[in-house]
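Asks: Following this line is structure-v7.cif, made up of mmCIF, C-alpha atoms:
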data_input
#
loop_
_atom_site.label_atom_id
_atom_site.label_comp_id
_atom_site.auth_asym_id
_atom_site.auth_seq_id
_atom_site.Cartn_x
_atom_site.Cartn_y
_atom_site.Cartn_z
CA MET Z 1 -0.03 1.11 -50.53
CA PHE Z 2 1.00 0.68 -46.92
CA LEU Z 3 -1.29 1.81 -44.16
CA SER Z 4 -0.55 5.42 -43.39
CA THR Z 5 -2.56 6.18 -40.27
CA PRO Z 6 -2.28 4.57 -36.84
CA PHE Z 7 -5.46 3.09 -35.44
CA SER Z 8 -6.64 0.99 -32.53
CA ASP Z 9 -9.42 -1.43 -31.83
CA VAL Z 10 -10.65 -3.23 -28.72
CA ILE Z 11 -10.76 -6.98 -28.25
CA ASP Z 12 -13.43 -8.68 -26.16
CA ARG Z 13 -11.73 -11.56 -24.35
CA VAL Z 14 -15.05 -13.08 -23.30
CA GLU Z 15 -16.89 -13.03 -26.64
CA GLY Z 16 -13.85 -13.05 -28.91
CA THR Z 17 -15.11 -10.10 -30.92
CA LEU Z 18 -13.43 -6.92 -32.10
CA ALA Z 19 -15.27 -3.67 -31.41
CA SER Z 20 -14.90 -2.61 -35.07
CA PRO Z 21 -14.10 -5.59 -37.30
CA ASP Z 22 -13.74 -4.99 -41.03
CA ASN Z 23 -14.76 -8.54 -41.82
CA VAL Z 24 -16.49 -11.31 -39.87
CA TYR Z 25 -16.98 -14.84 -41.06
CA GLU Z 26 -18.62 -17.85 -39.53
CA ARG Z 27 -17.57 -21.31 -40.66
CA HIS Z 28 -20.42 -23.80 -40.54
CA LEU Z 29 -19.99 -27.56 -40.37
CA SER Z 30 -21.24 -27.89 -43.95
CA ALA Z 31 -18.14 -26.02 -45.18
CA MET Z 32 -15.81 -28.61 -43.63
CA ALA Z 33 -17.98 -31.70 -43.27
CA GLU Z 34 -15.51 -34.05 -44.94
CA MET Z 35 -12.80 -33.07 -42.45
CA TYR Z 36 -14.47 -34.97 -39.62
CA GLU Z 37 -13.96 -38.71 -39.31
CA ASP Z 38 -17.55 -39.64 -38.49
CA ALA Z 39 -19.86 -39.07 -41.46
CA GLU Z 40 -22.92 -40.25 -39.56
CA ALA Z 41 -22.25 -37.80 -36.75
CA VAL Z 42 -21.82 -35.05 -39.35
CA ALA Z 43 -25.16 -35.92 -40.91
CA ALA Z 44 -26.87 -35.91 -37.52
CA ALA Z 45 -25.36 -32.65 -36.36
CA GLY Z 46 -27.35 -30.24 -38.49
CA ASP Z 47 -25.19 -27.34 -39.60
CA PRO Z 48 -23.80 -25.61 -36.50
CA VAL Z 49 -21.29 -22.78 -36.53
CA ILE Z 50 -17.91 -24.33 -35.71
CA TYR Z 51 -15.76 -21.21 -35.62
CA LYS Z 52 -15.78 -17.47 -36.21
CA VAL Z 53 -13.12 -14.99 -37.21
CA TYR Z 54 -13.12 -11.21 -36.69
CA GLU Z 55 -10.62 -9.54 -38.99
CA LYS Z 56 -9.14 -6.13 -39.65
CA LYS Z 57 -8.60 -5.14 -43.27
CA ILE Z 58 -4.83 -4.77 -43.67
CA PRO Z 59 -2.95 -4.47 -46.99
CA GLU Z 60 -1.57 -7.84 -48.11
CA LEU Z 61 2.05 -6.72 -48.09
CA ALA Z 62 5.15 -8.03 -46.37
CA GLY Z 63 5.92 -5.69 -43.48
CA GLU Z 64 2.25 -5.14 -42.67
CA LEU Z 65 0.64 -7.34 -40.00
CA GLN Z 66 -2.69 -9.09 -40.35
CA TRP Z 67 -4.52 -9.56 -37.10
CA CYS Z 68 -7.77 -11.15 -36.07
CA MET Z 69 -9.69 -12.79 -33.26
CA SER Z 70 -10.29 -16.51 -33.73
CA VAL Z 71 -13.20 -18.11 -31.87
CA THR Z 72 -13.59 -21.88 -32.01
CA LEU Z 73 -16.83 -22.89 -30.34
CA PRO Z 74 -17.11 -25.77 -27.85
CA GLY Z 75 -18.58 -29.03 -29.08
CA LYS Z 76 -17.93 -32.36 -30.77
CA ILE Z 77 -18.90 -34.09 -34.00
CA GLY Z 78 -19.12 -37.65 -32.77
CA ARG Z 79 -16.02 -37.98 -30.61
CA GLU Z 80 -14.03 -35.35 -32.53
CA TYR Z 81 -13.72 -31.86 -31.10
CA TYR Z 82 -14.73 -28.72 -32.96
CA MET Z 83 -11.74 -27.35 -34.85
CA THR Z 84 -10.82 -24.81 -37.51
CA LYS Z 85 -10.19 -25.94 -41.09
CA GLY Z 86 -6.51 -25.23 -40.66
CA HIS Z 87 -4.17 -23.99 -43.33
CA PHE Z 88 -0.65 -23.39 -44.55
CA HIS Z 89 0.34 -19.88 -45.46
CA GLU Z 90 0.45 -19.27 -49.20
CA VAL Z 91 3.80 -17.58 -48.67
CA ARG Z 92 5.35 -20.56 -46.90
CA ASP Z 93 8.13 -18.65 -45.10
CA THR Z 94 5.77 -16.77 -42.82
CA ALA Z 95 5.07 -17.49 -39.15
CA GLU Z 96 2.02 -16.77 -36.99
CA ILE Z 97 1.50 -15.99 -33.32
CA TYR Z 98 -1.63 -16.94 -31.38
CA LEU Z 99 -2.17 -15.44 -27.95
CA CYS Z 100 -4.92 -17.45 -26.26
CA VAL Z 101 -7.23 -15.25 -24.22
CA ARG Z 102 -9.98 -17.74 -23.25
CA GLY Z 103 -10.70 -21.43 -23.29
CA THR Z 104 -8.81 -24.71 -23.50
CA GLY Z 105 -7.54 -26.71 -26.44
CA TYR Z 106 -4.66 -27.38 -28.76
CA MET Z 107 -2.84 -25.81 -31.63
CA LEU Z 108 -2.40 -28.80 -33.94
CA MET Z 109 0.42 -28.31 -36.45
CA GLU Z 110 2.18 -30.25 -39.17
CA THR Z 111 4.67 -29.81 -41.99
CA GLU Z 112 4.39 -30.98 -45.56
CA ASP Z 113 7.26 -33.39 -44.95
CA GLY Z 114 5.39 -35.17 -42.20
CA GLN Z 115 6.23 -33.67 -38.79
CA SER Z 116 3.36 -33.21 -36.33
CA LYS Z 117 3.08 -31.20 -33.14
CA ALA Z 118 0.26 -30.25 -30.77
CA LEU Z 119 0.70 -27.50 -28.17
CA GLU Z 120 -1.77 -26.84 -25.39
CA MET Z 121 -3.68 -23.59 -25.40
CA ASN Z 122 -4.96 -21.90 -22.30
CA PRO Z 123 -5.45 -18.22 -21.40
CA ASP Z 124 -2.18 -16.25 -21.63
CA VAL Z 125 -0.39 -18.97 -23.60
CA ALA Z 126 1.26 -17.60 -26.75
CA VAL Z 127 1.96 -20.18 -29.47
CA TYR Z 128 4.56 -19.55 -32.17
CA VAL Z 129 3.62 -21.34 -35.39
CA PRO Z 130 6.84 -21.35 -37.43
CA ALA Z 131 6.96 -20.86 -41.16
CA ARG Z 132 5.88 -23.91 -43.18
CA TRP Z 133 3.71 -25.40 -40.44
CA ALA Z 134 0.00 -25.86 -41.17
CA HIS Z 135 -2.02 -25.02 -38.08
CA ARG Z 136 -5.49 -25.75 -36.72
CA SER Z 137 -7.12 -24.72 -33.42
CA VAL Z 138 -8.97 -27.52 -31.61
CA ASN Z 139 -11.34 -26.72 -28.74
CA THR Z 140 -11.29 -29.49 -26.13
CA GLY Z 141 -13.01 -27.49 -23.39
CA GLY Z 142 -16.49 -26.37 -22.48
CA GLU Z 143 -16.22 -22.70 -23.45
CA PRO Z 144 -15.12 -20.86 -26.60
CA LEU Z 145 -11.42 -21.14 -27.44
CA ILE Z 146 -10.40 -17.58 -28.28
CA SER Z 147 -7.09 -16.26 -29.60
CA PHE Z 148 -5.63 -12.95 -30.75
CA CYS Z 149 -3.68 -13.81 -33.91
CA VAL Z 150 -0.97 -11.91 -35.78
CA TYR Z 151 0.72 -12.90 -39.06
CA PRO Z 152 2.66 -11.20 -41.84
CA GLY Z 153 0.59 -9.05 -44.20
CA ASP Z 154 1.40 -11.08 -47.30
CA ALA Z 155 1.08 -14.56 -45.78
CA GLY Z 156 -2.21 -15.62 -47.37
CA HIS Z 157 -3.99 -18.94 -46.83
CA ASP Z 158 -3.45 -22.25 -48.58
CA TYR Z 159 -5.60 -25.17 -47.50
CA GLY Z 160 -3.60 -27.51 -49.74
CA THR Z 161 -3.49 -31.13 -48.62
CA ILE Z 162 -5.44 -30.21 -45.46
CA GLU Z 163 -8.61 -29.93 -47.50
CA THR Z 164 -8.15 -33.20 -49.41
CA GLU Z 165 -6.36 -35.44 -46.94
CA GLY Z 166 -6.81 -33.76 -43.58
CA PHE Z 167 -4.21 -33.35 -40.88
CA ARG Z 168 -2.08 -36.33 -39.95
CA LYS Z 169 -3.53 -36.28 -36.43
CA ARG Z 170 -7.01 -35.94 -35.03
CA ILE Z 171 -7.98 -34.83 -31.54
CA VAL Z 172 -10.87 -36.84 -30.17
CA GLU Z 173 -12.46 -37.60 -26.82
CA ILE Z 174 -11.59 -41.04 -25.43
CA ASP Z 175 -12.67 -42.01 -21.90
CA GLY Z 176 -13.77 -38.43 -21.29
CA ARG Z 177 -10.40 -36.90 -22.16
CA PRO Z 178 -8.70 -35.45 -25.24
CA ALA Z 179 -6.53 -37.94 -27.13
CA ILE Z 180 -4.33 -37.29 -30.15
CA ILE Z 181 -4.70 -40.14 -32.63
CA ASP Z 182 -3.38 -40.92 -36.11
CA ASN Z 183 -5.37 -40.01 -39.18
CA ARG Z 184 -2.66 -40.64 -41.77
CA PRO Z 185 1.02 -41.47 -41.31
CA SER Z 186 3.48 -38.97 -39.85
CA SER Z 187 7.20 -39.10 -40.49
CA MET M 1 17.63 -20.21 -40.83
CA PHE M 2 13.94 -20.03 -40.06
CA LEU M 3 12.62 -21.45 -36.83
CA SER M 4 11.76 -25.07 -37.40
CA THR M 5 9.96 -26.14 -34.23
CA PRO M 6 6.74 -24.75 -32.78
CA PHE M 7 6.90 -23.51 -29.22
CA SER M 8 4.80 -21.67 -26.69
CA ASP M 9 5.36 -19.42 -23.73
CA VAL M 10 3.11 -17.89 -21.09
CA ILE M 11 2.59 -14.20 -20.51
CA ASP M 12 1.90 -12.75 -17.07
CA ARG M 13 -0.61 -9.96 -17.54
CA VAL M 14 -0.07 -8.63 -14.00
CA GLU M 15 3.75 -8.54 -13.91
CA GLY M 16 4.34 -8.24 -17.66
CA THR M 17 6.85 -11.08 -17.68
CA LEU M 18 7.23 -14.09 -19.94
CA ALA M 19 7.62 -17.46 -18.21
CA SER M 20 10.74 -18.24 -20.31
CA PRO M 21 12.21 -15.08 -21.83
CA ASP M 22 15.36 -15.41 -23.92
CA ASN M 23 16.38 -11.86 -23.12
CA VAL M 24 15.36 -9.31 -20.51
CA TYR M 25 16.49 -5.74 -20.38
CA GLU M 26 15.78 -2.91 -18.02
CA ARG M 27 16.14 0.65 -19.20
CA HIS M 28 17.25 3.02 -16.46
CA LEU M 29 16.74 6.78 -16.51
CA SER M 30 20.48 7.29 -17.04
CA ALA M 31 20.19 5.64 -20.47
CA MET M 32 17.63 8.21 -21.62
CA ALA M 33 18.19 11.17 -19.33
CA GLU M 34 18.42 13.73 -22.12
CA MET M 35 15.01 12.72 -23.44
CA TYR M 36 13.20 14.34 -20.53
CA GLU M 37 12.52 18.06 -20.60
CA ASP M 38 13.42 18.77 -16.97
CA ALA M 39 17.16 18.32 -16.33
CA GLU M 40 16.85 19.25 -12.66
CA ALA M 41 14.16 16.63 -12.12
CA VAL M 42 16.36 14.09 -13.90
CA ALA M 43 19.27 14.92 -11.61
CA ALA M 44 17.07 14.62 -8.52
CA ALA M 45 15.47 11.34 -9.58
CA GLY M 46 18.39 9.00 -8.96
CA ASP M 47 18.48 6.28 -11.58
CA PRO M 48 15.17 4.40 -11.48
CA VAL M 49 14.16 1.69 -13.92
CA ILE M 50 11.79 3.31 -16.41
CA TYR M 51 10.82 0.28 -18.50
CA LYS M 52 11.53 -3.39 -19.01
CA VAL M 53 11.27 -5.68 -22.00
CA TYR M 54 10.98 -9.48 -22.02
CA GLU M 55 11.92 -10.88 -25.41
CA LYS M 56 11.97 -14.17 -27.26
CA LYS M 57 14.96 -14.88 -29.49
CA ILE M 58 13.58 -15.07 -33.03
CA PRO M 59 15.65 -15.06 -36.25
CA GLU M 60 15.85 -11.58 -37.75
CA LEU M 61 14.19 -12.53 -41.01
CA ALA M 62 11.17 -11.21 -42.88
CA GLY M 63 8.37 -13.72 -42.39
CA GLU M 64 9.38 -14.48 -38.81
CA LEU M 65 7.69 -12.52 -36.00
CA GLN M 66 9.46 -10.89 -33.08
CA TRP M 67 7.42 -10.74 -29.92
CA CYS M 68 7.94 -9.37 -26.47
CA MET M 69 6.30 -8.00 -23.36
CA SER M 70 6.82 -4.30 -22.79
CA VAL M 71 6.46 -2.95 -19.24
CA THR M 72 6.60 0.81 -18.69
CA LEU M 73 6.61 1.56 -14.98
CA PRO M 74 4.40 4.25 -13.39
CA GLY M 75 6.04 7.52 -12.44
CA LYS M 76 7.07 10.98 -13.57
CA ILE M 77 10.31 12.90 -14.07
CA GLY M 78 9.17 16.35 -13.07
CA ARG M 79 5.82 16.65 -14.80
CA GLU M 80 6.70 14.24 -17.61
CA TYR M 81 5.44 10.69 -17.47
CA TYR M 82 7.69 7.64 -17.64
CA MET M 83 8.05 6.52 -21.26
CA THR M 84 10.07 4.22 -23.49
CA LYS M 85 12.89 5.62 -25.62
CA GLY M 86 10.80 5.03 -28.72
CA HIS M 87 12.15 4.09 -32.13
CA PHE M 88 11.61 3.73 -35.83
CA HIS M 89 12.11 0.33 -37.40
CA GLU M 90 15.39 0.00 -39.25
CA VAL M 91 13.43 -1.58 -42.09
CA ARG M 92 11.03 1.31 -42.42
CA ASP M 93 8.21 -0.57 -44.19
CA THR M 94 7.38 -2.71 -41.17
CA ALA M 95 4.44 -2.29 -38.81
CA GLU M 96 3.98 -3.29 -35.18
CA ILE M 97 1.00 -4.35 -33.07
CA TYR M 98 0.71 -3.65 -29.34
CA LEU M 99 -2.00 -5.41 -27.37
CA CYS M 100 -2.31 -3.64 -24.03
CA VAL M 101 -2.96 -6.08 -21.19
CA ARG M 102 -2.64 -3.78 -18.16
CA GLY M 103 -2.43 -0.12 -17.27
CA THR M 104 -3.26 3.23 -18.80
CA GLY M 105 -1.35 5.46 -21.14
CA TYR M 106 -0.66 6.43 -24.71
CA MET M 107 1.12 5.15 -27.77
CA LEU M 108 2.82 8.31 -29.01
CA MET M 109 3.74 8.11 -32.70
CA GLU M 110 5.25 10.32 -35.39
CA THR M 111 6.61 10.17 -38.91
CA GLU M 112 9.85 11.58 -40.24
CA ASP M 113 7.85 14.06 -42.33
CA GLY M 114 6.23 15.54 -39.25
CA GLN M 115 2.90 13.85 -38.55
CA SER M 116 2.06 13.10 -34.91
CA LYS M 117 -0.54 10.87 -33.34
CA ALA M 118 -1.28 9.65 -29.80
CA LEU M 119 -3.66 6.75 -29.19
CA GLU M 120 -4.95 5.78 -25.76
CA MET M 121 -3.91 2.47 -24.29
CA ASN M 122 -6.00 0.50 -21.86
CA PRO M 123 -6.38 -3.23 -21.27
CA ASP M 124 -7.64 -5.05 -24.40
CA VAL M 125 -6.84 -2.12 -26.71
CA ALA M 126 -4.76 -3.20 -29.71
CA VAL M 127 -2.80 -0.42 -31.41
CA TYR M 128 -1.59 -0.75 -35.00
CA VAL M 129 1.62 1.22 -35.52
CA PRO M 130 1.92 1.51 -39.31
CA ALA M 131 5.20 1.27 -41.18
CA ARG M 132 7.35 4.42 -40.95
CA TRP M 133 5.87 5.61 -37.65
CA ALA M 134 8.21 5.98 -34.68
CA HIS M 135 6.47 4.85 -31.51
CA ARG M 136 6.85 5.32 -27.78
CA SER M 137 4.74 4.02 -24.87
CA VAL M 138 3.87 6.59 -22.20
CA ASN M 139 2.46 5.50 -18.85
CA THR M 140 0.01 8.08 -17.49
CA GLY M 141 -1.52 5.83 -14.85
CA GLY M 142 -0.65 4.50 -11.42
CA GLU M 143 0.22 0.91 -12.36
CA PRO M 144 2.58 -0.65 -14.92
CA LEU M 145 1.60 -0.15 -18.57
CA ILE M 146 2.01 -3.61 -20.11
CA SER M 147 1.69 -4.68 -23.73
CA PHE M 148 2.17 -7.86 -25.76
CA CYS M 149 4.02 -6.70 -28.90
CA VAL M 150 4.50 -8.34 -32.31
CA TYR M 151 6.57 -7.05 -35.25
CA PRO M 152 8.21 -8.47 -38.37
CA GLY M 153 11.34 -10.54 -37.77
CA ASP M 154 13.62 -8.27 -39.77
CA ALA M 155 12.26 -4.90 -38.53
CA GLY M 156 15.16 -3.89 -36.30
CA HIS M 157 15.36 -0.68 -34.26
CA ASP M 158 16.53 2.76 -35.29
CA TYR M 159 16.45 5.51 -32.69
CA GLY M 160 17.38 8.09 -35.33
CA THR M 161 16.20 11.60 -34.66
CA ILE M 162 14.37 10.40 -31.55
CA GLU M 163 17.65 10.13 -29.70
CA THR M 164 18.99 13.53 -30.76
CA GLU M 165 15.87 15.67 -31.06
CA GLY M 166 13.18 13.72 -29.21
CA PHE M 167 9.59 13.24 -30.28
CA ARG M 168 7.67 16.24 -31.55
CA LYS M 169 5.23 15.89 -28.64
CA ARG M 170 5.62 15.31 -24.93
CA ILE M 171 3.04 13.92 -22.55
CA VAL M 172 3.07 15.70 -19.21
CA GLU M 173 0.81 16.16 -16.23
CA ILE M 174 -0.95 19.53 -16.11
CA ASP M 175 -3.61 20.21 -13.47
CA GLY M 176 -3.50 16.55 -12.46
CA ARG M 177 -4.22 15.22 -15.94
CA PRO M 178 -2.23 14.07 -18.96
CA ALA M 179 -1.68 16.77 -21.57
CA ILE M 180 0.00 16.43 -24.97
CA ILE M 181 2.24 19.42 -25.58
CA ASP M 182 4.68 20.49 -28.29
CA ASN M 183 8.36 19.72 -28.03
CA ARG M 184 9.37 20.64 -31.59
CA PRO M 185 7.23 21.58 -34.57
CA SER M 186 4.88 19.08 -36.27
CA SER M 187 3.67 19.41 -39.84
#
Kindly present the structure from the file in structure tokens form.

Replies:
Amino acid sequence: MFLSTPFSDVIDRVEGTLASPDNVYERHLSAMAEMYEDAEAVAAAGDPVIYKVYEKKIPELAGELQWCMSVTLPGKIGREYYMTKGHFHEVRDTAEIYLCVRGTGYMLMETEDGQSKALEMNPDVAVYVPARWAHRSVNTGGEPLISFCVYPGDAGHDYGTIETEGFRKRIVEIDGRPAIIDNRPSS
Amino acid sequence: MFLSTPFSDVIDRVEGTLASPDNVYERHLSAMAEMYEDAEAVAAAGDPVIYKVYEKKIPELAGELQWCMSVTLPGKIGREYYMTKGHFHEVRDTAEIYLCVRGTGYMLMETEDGQSKALEMNPDVAVYVPARWAHRSVNTGGEPLISFCVYPGDAGHDYGTIETEGFRKRIVEIDGRPAIIDNRPSS
């Protein structure tokens, strides 16, 4: 069943919340510990919240639009910046748009056939993640990295190789600045 | 062909522009003169720009996402506020999301079977226009009403009955305030 009644909600560009979310989840380090390169730094970090998502409940149908607020907190695990787990869409031929409303960082993206791309995120930057590109937000700044995100209703999430092998690139701090380094080979 | 390369662009929340639009159009009063109730006021108004749209060129495929900036200028034709033409989607089972970034007004919506709904728009309000609802932005304030809009790649536009019979409701100024009045019967 498609949604039948228009509605609105209010985003908070400072906190990254929705006034009336249907679902909120917080991703702790323990749920993605093996994604960071530095196991000792993971062990020493305790179990901080790395990112939060505020979602609306939308039917999972093509033609509907999922939307959420994504909040990646500032911080590092060793030299590696806080980041989201990242995912492909289960329905591969579905895009996603992120409108950054606060903070500084990167949208790190890659394809299954080995292409990689990182685009800078700052307030008022809209990033188009094409179909078939896995995507991860990385916060390289000192405040929360917050985006308003929209994607097709049926897209779904597939962590796939991201969960077992990670992204091909990592974003780490070197000499006080963000650097994009290899994790595993790109094409 | 689906888009194959990620990209970004920058929105201007004050002007409503995109830094690198692929297409810009301005809708003048003459292109929608018959939509206003007051023919004498139309004739006296000259031919002002009523609204502008800044678009990205995205393949018209399900799974892709069209996005644009919509700028409805402030003003009235007689007592009726400046508004967009409004449309259904050609593919009826497709939704749309408007994130208001500046201004004050309404998203006026209706279905072919006669339901009507108006939701207030203010900065940081996100409006979900469900599938099968025609939608029109109405600027009831003194500055541009600007939204960041996202809709499915294949949605298309269909002016349908809107062009010949108008919306069922009009939004006009009465005693210095916006009022929603009947134009033709609702269910």

Asks: Around range 64-79 of chain M, fit a box with edges along x, y and z, padding it by 8 Å on each side, then list its centre and edge lengths in Å to one decimal as JSON.

Replies:
{"center_x": 7.4, "center_y": 1.1, "center_z": -25.6, "size_x": 21.9, "size_y": 47.1, "size_z": 42.4}

Asks: Within 6 Å of range 85-96 of chain Z, counting all atoms listed in the file, which residues show up once you throw out same-chain ones fewer than 5 positions away? Write them as a list in words, please.

Replies: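 Listed by chain and then number, they are Val129, Pro130, Ala131, Arg132, Ala134, His135, Arg136, Val150, Tyr151, Ala155, Gly156, His157, Asp158 and Tyr159 of chain Z; Gly63 and Glu64 of chain M.
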
Asks: Evaluated on this file, the PyMOL selection byres ((chain Z and resi 38-45) around 12) picks out some residues - which ones are they, written as a list of chain:residue names?

Replies: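 Checked against the file, the PyMOL selection byres ((chain Z and resi 38-45) around 12) matches Z:His28, Z:Leu29, Z:Ser30, Z:Ala31, Z:Met32, Z:Ala33, Z:Glu34, Z:Met35, Z:Tyr36, Z:Glu37, Z:Gly46, Z:Asp47, Z:Pro48, Z:Val49, Z:Ile50, Z:Gly75, Z:Lys76, Z:Ile77, Z:Gly78, Z:Arg79, Z:Glu80, Z:Tyr81, Z:Tyr82, Z:Arg170, Z:Val172.
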
Asks: Evaluate the PyMOL selection byres ((chain M and resi 99) around 8) on the structure here and hand back the selected residues as an mmCIF file with C-alpha atoms, keeping the file's coordinate frame.

Replies:
data_model
loop_
_atom_site.group_PDB
_atom_site.id
_atom_site.type_symbol
_atom_site.label_atom_id
_atom_site.label_comp_id
_atom_site.auth_asym_id
_atom_site.auth_seq_id
_atom_site.Cartn_x
_atom_site.Cartn_y
_atom_site.Cartn_z
ATOM 1 C CA ILE M 97 1.000 -4.350 -33.070
ATOM 2 C CA TYR M 98 0.710 -3.650 -29.340
ATOM 3 C CA CYS M 100 -2.310 -3.640 -24.030
ATOM 4 C CA VAL M 101 -2.960 -6.080 -21.190
ATOM 5 C CA PRO M 123 -6.380 -3.230 -21.270
ATOM 6 C CA ASP M 124 -7.640 -5.050 -24.400
ATOM 7 C CA VAL M 125 -6.840 -2.120 -26.710
ATOM 8 C CA ALA M 126 -4.760 -3.200 -29.710
ATOM 9 C CA VAL M 127 -2.800 -0.420 -31.410
ATOM 10 C CA SER M 147 1.690 -4.680 -23.730
ATOM 11 C CA PHE M 148 2.170 -7.860 -25.760
ATOM 12 C CA CYS M 149 4.020 -6.700 -28.900
#

Asks: Taking all atoms listed in the file into account, which of M:Pro21, M:Gly103, M:Gly176, M:Pro152 comes nearest chain Z?

Replies: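 Among the listed residues, the smallest separation from chain Z belongs to M:Pro152.
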
Asks: Show me as a list in words the residues that reach within 12 Å of (11.2, 12.7, -42.8), counting only C-alpha atoms and using the file's own coordinates.

Replies: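 Protein, DNA and RNA residues close to (11.2, 12.7, -42.8): Phe88, Arg92, Glu110, Thr111, Glu112, Asp113, Gly114, Gln115, Arg132, Trp133, Ala134, Gly160, Thr161, Ile162, Ser186 and Ser187 of chain M.
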
Asks: Would you work out the distance separating CA of Tyr54 in chain M from CA of Asp154 in chain M, expressed in Å to one decimal?

Replies: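 For CA of Tyr54 in chain M relative to CA of Asp154 in chain M, the distance reads 18.0 Å.
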
Asks: Set the distance at 10 Å and use all atoms listed in the file: which residues neighbour Ile171 in chain M once local chain neighbours fewer than 5 positions away are removed? I'd like the list as a list in words.

Replies: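 Contacts, in chain order: Arg79, Glu80, Tyr81, Tyr82, Met83, Gly105, Tyr106, Leu108, Ala118, Val138, Asn139, Thr140, Arg177, Pro178, Ala179, Ile180, Ile181, Asp182 and Asn183 of chain M.
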
Asks: Considering all atoms listed in the file, state which residue in the set Z:Ser20, Z:Asn122, Z:Thr84, Z:Thr5 is at the smallest distance from Gly166 in chain Z.

Replies: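 Of all the options, Z:Thr84 lies closest to Gly166 in chain Z.
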
Asks: Using only C-alpha atoms, pick whichever of M:Glu55, M:Pro74, M:Gly153, M:Arg102 has the shortest atom-to-atom distance to chain Z.

Replies: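 Of M:Glu55, M:Pro74, M:Gly153, M:Arg102, the one nearest chain Z, counting only C-alpha atoms, is M:Gly153.
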
Asks: What does the distance between CA of Met1 in chain Z and CA of Pro59 in chain Z come to in Å, to one decimal place?

Replies: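 Pair CA of Met1 in chain Z / CA of Pro59 in chain Z returns 7.2 Å.
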
Asks: Which of these, M:Glu60, M:Glu120, M:Glu143, M:Asp175, has the shortest distance to chain Z once you count only C-alpha atoms?

Replies: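 Answer, going by the shortest atom-to-atom distance: M:Glu120.
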
Asks: Env of Pro144 in chain M: 9 Å cut, atoms = only C-alpha atoms, seq-sep filter 2 positions within chain, self excluded. Answer as a VMD selection string.

Replies: chain M and resid 14 to 16 71 to 74 102 to 104 139 141 to 142 146
